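In what follows, a single structure is set out as structure tokens and then discussed.
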Amino acid sequence: MNGDIFLDPEKILNEINLKNDMIAADFGCGSGGFTIPLAKKLEKGLVYAIDVQKEPLSALKNRSLDYNLLNLKFIIGDIEKEKGSRLNDSSVDLILIINTLFQSDKKDAIIKEAKRVLKNNGELLIIDWIPNTQLGPKEGTISLEELKKICKEMGFNIEKEFEAGKYHYGIIFKKTA
């Protein structure tokens with residue numbers, strides 16, 4: 001398969017100004033394609049791996065043992081619900097939402113939950129499928145313009161846009177209110 005189809009977590013994480021003592025959350029982490037690389041970079045920090053499904057979290061927990069990562073906490077949570085991440089208000093510096101929004105009918109609820117748990121000036125990294133691409137999902141995608149509109153209405157400022165891959169966009173927002 002063509003390598004440019006896949007996301008490169010290392011390259012994407014380099015787009016963020018990471019500090020090794022940050023507290024981060026991976027909303028809809030799945031089996032941890034970004035969670036493990038992030039936990040490696042935040043060696044003095046903490047990464048919450050949050051997913052609604054037990055199986056991927058269990059697989060991620062097992063994989064994290066291979067890397068001796070002790071800075072991961074695993075949470076079964078529903079990020080589409082208010083307080084569904086089970087994190088405290090204003091408690092994290094960074095939230096990742098990677099290839100998750102397209103799977104949800106409640107995209108603004110997910111962003112609202114991210115806003116609740118982010119500290120002021122905290123960052124929200126969103127990567128998702130560009131609508132109507134050759135290999136992407138046929139339904140559920142959100143355009144970058146629509147995402148910007150929702151985030152702006154919720155009190156986020158655009159920090160940075162970048163190319164995340166041939167079929168994905170990447171954007172970093174900063175919580176301002």
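Residues in the structure tokens are named by chain (A, B, ... in the order shown) and by number from 1 within that chain; ligands are numbered from 1 in the order shown.
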Taking 2 positions as the minimum chain separation for residues in the same chain, which residues sit within 10 Å of Leu70 (chain A) when counting only C-alpha atoms? Answer as an NGL selection string.
:A and (39-40 or 43-47 or 64-65 or 67-68 or 72-73)
Which residues, written as a PyMOL selection string, have at least one atom at most 12 Å from Ile111 (chain A), with only C-alpha atoms counted and residues fewer than 5 positions away on the same chain left out?
chain A and resi 27+79-85+95-97+100-101+104+106+116-118+123-126+147-156+173+175
Apply DSSP to the backbone of this structure and, from chain A, keep only the residues in strand (DSSP E); write these as number ranges by chain.
A: 23-27, 46-51, 72-76, 92-98, 118-129, 156-165, 168-175
Please indicate the distance in Å from CA of Gly30 (chain A) to CA of Ala109 (chain A), rounded to one decimal place.
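Calculated distance between CA of Gly30 (chain A) and CA of Ala109 (chain A) is 18.7 Å.
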Report as a PyMOL selection string: the residues of region 4-176 of chain A with a DSSP assignment of helix (DSSP H, G or I), based on the backbone of this structure.
chain A and resi 4-5+9-13+35-41+54-66+101-103+107-117+144-153
Determine, using only C-alpha atoms, which residues of region 100-145 of chain A have any atom at most 10 Å from an atom of region 162-168 of chain A, and tabulate each with its shortest atom pair and distance in Å to one decimal place, rows ordered by chain and then rising number, as a tab-separated table.
```
residue	atom	partner	partner_atom	distance
A:Ile126	CA	A:Ala164	CA	9.9
A:Ile127	CA	A:His168	CA	6.5
A:Asp128	CA	A:His168	CA	5.4
A:Trp129	CA	A:His168	CA	4.4
A:Ile130	CA	A:His168	CA	5.1
A:Pro131	CA	A:Tyr167	CA	8.5
A:Asn132	CA	A:Tyr167	CA	9.3
A:Thr133	CA	A:Tyr167	CA	6.3
A:Gln134	CA	A:Tyr167	CA	8.1
A:Leu135	CA	A:Tyr167	CA	7.4
A:Gly136	CA	A:Tyr167	CA	6.9
A:Leu144	CA	A:His168	CA	9.9
```
What's around Leu42 (chain A) at 8 Å? Count only C-alpha atoms, leave out sequence neighbours fewer than 4 positions away in its own chain, and write the answer as a compact mmCIF listing (two decimals) with C-alpha atoms, in the first residue's frame.
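Below you can see result-v9.txt, which holds the result:
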```
# COMPACT_ATOMS: atom_id res chain seq x y z
CA LEU A 18 5.40 19.75 23.45
CA LYS A 19 6.89 20.05 26.91
CA ASN A 20 7.88 16.76 28.49
CA ASP A 21 5.82 17.44 31.65
CA MET A 22 2.49 18.14 29.90
CA LEU A 38 2.90 10.95 22.71
CA LEU A 46 0.83 12.08 31.81
CA VAL A 47 -1.33 10.85 28.93
```
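Using only C-alpha atoms, the smallest distance between any of A:Leu87, A:Ile142, A:Leu60, A:Ile76 and Asp105 (chain A) comes from A:Ile142.
Proximity to Gly33 (chain A) was assessed for A:Arg86, A:Arg63, A:Lys107, A:Lys54 counting only C-alpha atoms; the smallest distance is recorded for A:Arg63.
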Nearest residue to Pro37 (chain A) from the set A:Ile23, A:Ile172, A:Ala59, A:Ile12 (distances using only C-alpha atoms)
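Once distances to Pro37 (chain A) are computed over only C-alpha atoms, the minimum belongs to A:Ile12.
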Kindly indicate which residue among A:Ala114, A:Phe102, A:Lys41, A:Tyr169 lies nearest to Ile16 (chain A), using only C-alpha atoms for the distances.
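Smallest separation from Ile16 (chain A) among the options: A:Lys41.
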CA of Gln53 (chain A) to CA of Asp108 (chain A), distance in Å rounded to a single decimal
20.4 Å
What's the separation between CA of Gly140 (chain A) and CA of Lys61 (chain A), in Å to one decimal place?
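That distance, rounded to one decimal, is 28.8 Å.
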